[in-house]
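Worksheet: the structure to be examined is printed underneath.
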Amino acid sequence: QVQLVESGGGLVQPGGSLRLSCAGSGLTLDDYAIGWFRQAPGKEREGVPCIESIRNSDGATHYADSVKGRFTISRDNARNTVYLQMNSLKPEDTALYYCALDLVAITCSLGGGRYDYWGQGTQVTVSS
C-alpha cells in the first residue's frame with residue numbers, strides 16, 4: 001500500500017524557516033516524480049516545487065516563481081523522504097501543504113492533475 005505522510009508544519013513568524021517532510025512507504029520515492037502543493041482557504045491549489053525521478057536528469061527540480069530562491073526541494077534516499085526547506089517565509093505562504101507522487105511520468109509538473117497519490121497535508125501558518 002502506497003502512503004505519503006507529511007510533517008513539519010507549524011506557526012512561524014515572517015522571515016522564519018520551516019522544513020516539511022514527505023515520508024513514503026510502499027515504494028521507493030527516488031523512482032518517482034514528487035511534487036509539493038499548497039492550498040490556502042478560498043484559493044486554488046498551487047504547485048510549489050517538484051522534483052523529477054532520479055531516472056531522469058538525476059532528479060531535476062522546478063519551482064513556482066512565487067517561491068524561487070526561498071524554497072528548496074530535496075530527497076533523502078536513506079529515509080525514503082522528500083523535504084521542502086522553506087526560508088524567508090511570508091504571510092502569503094500560509095496554506096495547507098501536500099506532497100504528491102506521480103506513478104507514471106519521470107518528469108515532474110507543477111500542475112496537480114497528473115499525480116496519483118497524495119498525503120493528508122500539513123498546515124503552515126506564517127504570522128506575527
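Letters A, B, ... go to the chains of the C-alpha cells in the order shown; residues in each chain start at 1; ligands are counted from 1 in the same order.
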
Name the residues in contact with Arg70 in chain A at a cut-off of 7 Å, using only C-alpha atoms, excluding same-chain residues fewer than 3 positions from it; report them as a list in words.
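Surrounding residues, per the criterion: Val67, Met86, Asn87 and Ser88 of chain A.
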
Range 9-67 of chain A residues near range 94-101 of chain A within 8 Å, closest pair each, using only C-alpha atoms, as JSON lines:
```
{"residue": "A:Cys22", "atom": "CA", "partner": "A:Cys99", "partner_atom": "CA", "distance": 6.3}
{"residue": "A:Tyr32", "atom": "CA", "partner": "A:Leu101", "partner_atom": "CA", "distance": 6.6}
{"residue": "A:Ala33", "atom": "CA", "partner": "A:Leu101", "partner_atom": "CA", "distance": 5.9}
{"residue": "A:Ile34", "atom": "CA", "partner": "A:Leu101", "partner_atom": "CA", "distance": 4.7}
{"residue": "A:Gly35", "atom": "CA", "partner": "A:Ala100", "partner_atom": "CA", "distance": 5.2}
{"residue": "A:Trp36", "atom": "CA", "partner": "A:Cys99", "partner_atom": "CA", "distance": 4.4}
{"residue": "A:Phe37", "atom": "CA", "partner": "A:Tyr98", "partner_atom": "CA", "distance": 5.1}
{"residue": "A:Arg38", "atom": "CA", "partner": "A:Tyr97", "partner_atom": "CA", "distance": 4.3}
{"residue": "A:Gln39", "atom": "CA", "partner": "A:Ala95", "partner_atom": "CA", "distance": 5.2}
{"residue": "A:Ala40", "atom": "CA", "partner": "A:Ala95", "partner_atom": "CA", "distance": 4.3}
{"residue": "A:Pro41", "atom": "CA", "partner": "A:Ala95", "partner_atom": "CA", "distance": 7.4}
```

Residues from the last selection, N, CA and C atoms, saved as a PDB file, in the first residue's frame:
```pdb
ATOM      1  N   CYS A  22       8.108  14.653   3.619  1.00  0.00           N
ATOM      2  CA  CYS A  22       7.131  13.778   2.980  1.00  0.00           C
ATOM      3  C   CYS A  22       7.734  12.377   3.012  1.00  0.00           C
ATOM      4  N   TYR A  32      10.285   8.084  -8.511  1.00  0.00           N
ATOM      5  CA  TYR A  32       9.082   8.768  -8.974  1.00  0.00           C
ATOM      6  C   TYR A  32       9.215  10.283  -8.856  1.00  0.00           C
ATOM      7  N   ALA A  33       8.456  10.956  -9.717  1.00  0.00           N
ATOM      8  CA  ALA A  33       8.352  12.408  -9.613  1.00  0.00           C
ATOM      9  C   ALA A  33       7.481  12.756  -8.413  1.00  0.00           C
ATOM     10  N   ILE A  34       7.948  13.715  -7.645  1.00  0.00           N
ATOM     11  CA  ILE A  34       7.250  14.157  -6.438  1.00  0.00           C
ATOM     12  C   ILE A  34       7.009  15.650  -6.527  1.00  0.00           C
ATOM     13  N   GLY A  35       5.830  16.065  -6.153  1.00  0.00           N
ATOM     14  CA  GLY A  35       5.516  17.488  -6.108  1.00  0.00           C
ATOM     15  C   GLY A  35       5.043  17.901  -4.742  1.00  0.00           C
ATOM     16  N   TRP A  36       5.318  19.141  -4.390  1.00  0.00           N
ATOM     17  CA  TRP A  36       4.714  19.777  -3.216  1.00  0.00           C
ATOM     18  C   TRP A  36       3.693  20.787  -3.717  1.00  0.00           C
ATOM     19  N   PHE A  37       2.526  20.763  -3.096  1.00  0.00           N
ATOM     20  CA  PHE A  37       1.440  21.655  -3.459  1.00  0.00           C
ATOM     21  C   PHE A  37       0.933  22.354  -2.194  1.00  0.00           C
ATOM     22  N   ARG A  38       0.273  23.468  -2.384  1.00  0.00           N
ATOM     23  CA  ARG A  38      -0.329  24.150  -1.241  1.00  0.00           C
ATOM     24  C   ARG A  38      -1.670  24.724  -1.644  1.00  0.00           C
ATOM     25  N   GLN A  39      -2.520  24.848  -0.648  1.00  0.00           N
ATOM     26  CA  GLN A  39      -3.834  25.439  -0.881  1.00  0.00           C
ATOM     27  C   GLN A  39      -4.234  26.250   0.332  1.00  0.00           C
ATOM     28  N   ALA A  40      -4.501  27.513   0.094  1.00  0.00           N
ATOM     29  CA  ALA A  40      -4.975  28.410   1.136  1.00  0.00           C
ATOM     30  C   ALA A  40      -6.491  28.528   1.025  1.00  0.00           C
ATOM     31  N   PRO A  41      -7.175  28.865   2.109  1.00  0.00           N
ATOM     32  CA  PRO A  41      -8.634  28.995   2.062  1.00  0.00           C
ATOM     33  C   PRO A  41      -9.068  29.974   0.981  1.00  0.00           C
TER      34      PRO A  41
END
```

Write down as a ChimeraX atom specification the residues of chain A whose backbone DSSP state falls under strand (DSSP E or B).
/A:3-7,10-12,18-25,33-39,46-51,61-63,71-76,81-86,95-102,117-118,122-126

Can you write out the residues you just picked, keeping C-alpha atoms, as an mmCIF file, in the first residue's frame?
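Ended up saving to selection_19.cif:
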```
data_model
loop_
_atom_site.group_PDB
_atom_site.id
_atom_site.type_symbol
_atom_site.label_atom_id
_atom_site.label_comp_id
_atom_site.auth_asym_id
_atom_site.auth_seq_id
_atom_site.Cartn_x
_atom_site.Cartn_y
_atom_site.Cartn_z
ATOM 1 C CA GLN A 3 1.319 6.044 1.568
ATOM 2 C CA LEU A 4 2.699 9.564 1.827
ATOM 3 C CA VAL A 5 2.851 11.291 5.200
ATOM 4 C CA GLU A 6 3.718 14.970 5.574
ATOM 5 C CA SER A 7 5.053 16.545 8.736
ATOM 6 C CA GLY A 10 3.529 24.855 12.216
ATOM 7 C CA LEU A 11 3.340 28.506 13.130
ATOM 8 C CA VAL A 12 6.310 30.674 12.209
ATOM 9 C CA LEU A 18 10.397 25.536 8.280
ATOM 10 C CA ARG A 19 11.311 22.169 6.820
ATOM 11 C CA LEU A 20 8.497 19.935 5.674
ATOM 12 C CA SER A 21 8.953 16.199 5.254
ATOM 13 C CA CYS A 22 7.131 13.778 2.980
ATOM 14 C CA ALA A 23 7.805 10.229 4.104
ATOM 15 C CA GLY A 24 6.923 7.436 1.726
ATOM 16 C CA SER A 25 6.015 3.806 2.266
ATOM 17 C CA ALA A 33 8.352 12.408 -9.613
ATOM 18 C CA ILE A 34 7.250 14.157 -6.438
ATOM 19 C CA GLY A 35 5.516 17.488 -6.108
ATOM 20 C CA TRP A 36 4.714 19.777 -3.216
ATOM 21 C CA PHE A 37 1.440 21.655 -3.459
ATOM 22 C CA ARG A 38 -0.329 24.150 -1.241
ATOM 23 C CA GLN A 39 -3.834 25.439 -0.881
ATOM 24 C CA GLU A 46 -0.766 25.779 -6.332
ATOM 25 C CA GLY A 47 2.219 23.655 -7.280
ATOM 26 C CA VAL A 48 5.198 24.918 -5.326
ATOM 27 C CA PRO A 49 8.255 22.866 -6.334
ATOM 28 C CA CYS A 50 8.588 19.426 -7.840
ATOM 29 C CA ILE A 51 11.465 17.017 -8.306
ATOM 30 C CA THR A 61 13.846 20.395 -9.787
ATOM 31 C CA HIS A 62 11.338 23.034 -10.814
ATOM 32 C CA TYR A 63 9.933 25.902 -8.766
ATOM 33 C CA PHE A 71 12.204 27.137 -1.101
ATOM 34 C CA THR A 72 14.308 24.063 -1.826
ATOM 35 C CA ILE A 73 13.074 20.560 -2.563
ATOM 36 C CA SER A 74 15.409 17.633 -1.951
ATOM 37 C CA ARG A 75 15.475 13.882 -1.486
ATOM 38 C CA ASP A 76 16.891 11.613 1.215
ATOM 39 C CA THR A 81 11.721 11.055 2.250
ATOM 40 C CA VAL A 82 11.386 14.236 0.222
ATOM 41 C CA TYR A 83 11.936 17.532 2.011
ATOM 42 C CA LEU A 84 10.752 21.055 1.402
ATOM 43 C CA GLN A 85 13.012 23.622 3.028
ATOM 44 C CA MET A 86 11.195 26.934 3.278
ATOM 45 C CA ALA A 95 -1.563 27.237 3.434
ATOM 46 C CA LEU A 96 -2.096 23.526 3.795
ATOM 47 C CA TYR A 97 0.882 21.850 2.148
ATOM 48 C CA TYR A 98 0.635 18.455 0.445
ATOM 49 C CA CYS A 99 3.124 16.174 -1.242
ATOM 50 C CA ALA A 100 2.088 14.055 -4.185
ATOM 51 C CA LEU A 101 3.569 11.253 -6.281
ATOM 52 C CA ASP A 102 3.259 10.521 -9.996
ATOM 53 C CA TYR A 117 -1.028 9.616 -4.561
ATOM 54 C CA TRP A 118 -1.404 12.466 -2.099
ATOM 55 C CA THR A 122 0.459 19.710 6.962
ATOM 56 C CA GLN A 123 -0.556 23.252 7.916
ATOM 57 C CA VAL A 124 1.904 26.114 7.595
ATOM 58 C CA THR A 125 0.932 29.433 9.153
ATOM 59 C CA VAL A 126 3.149 32.493 8.794
#
```
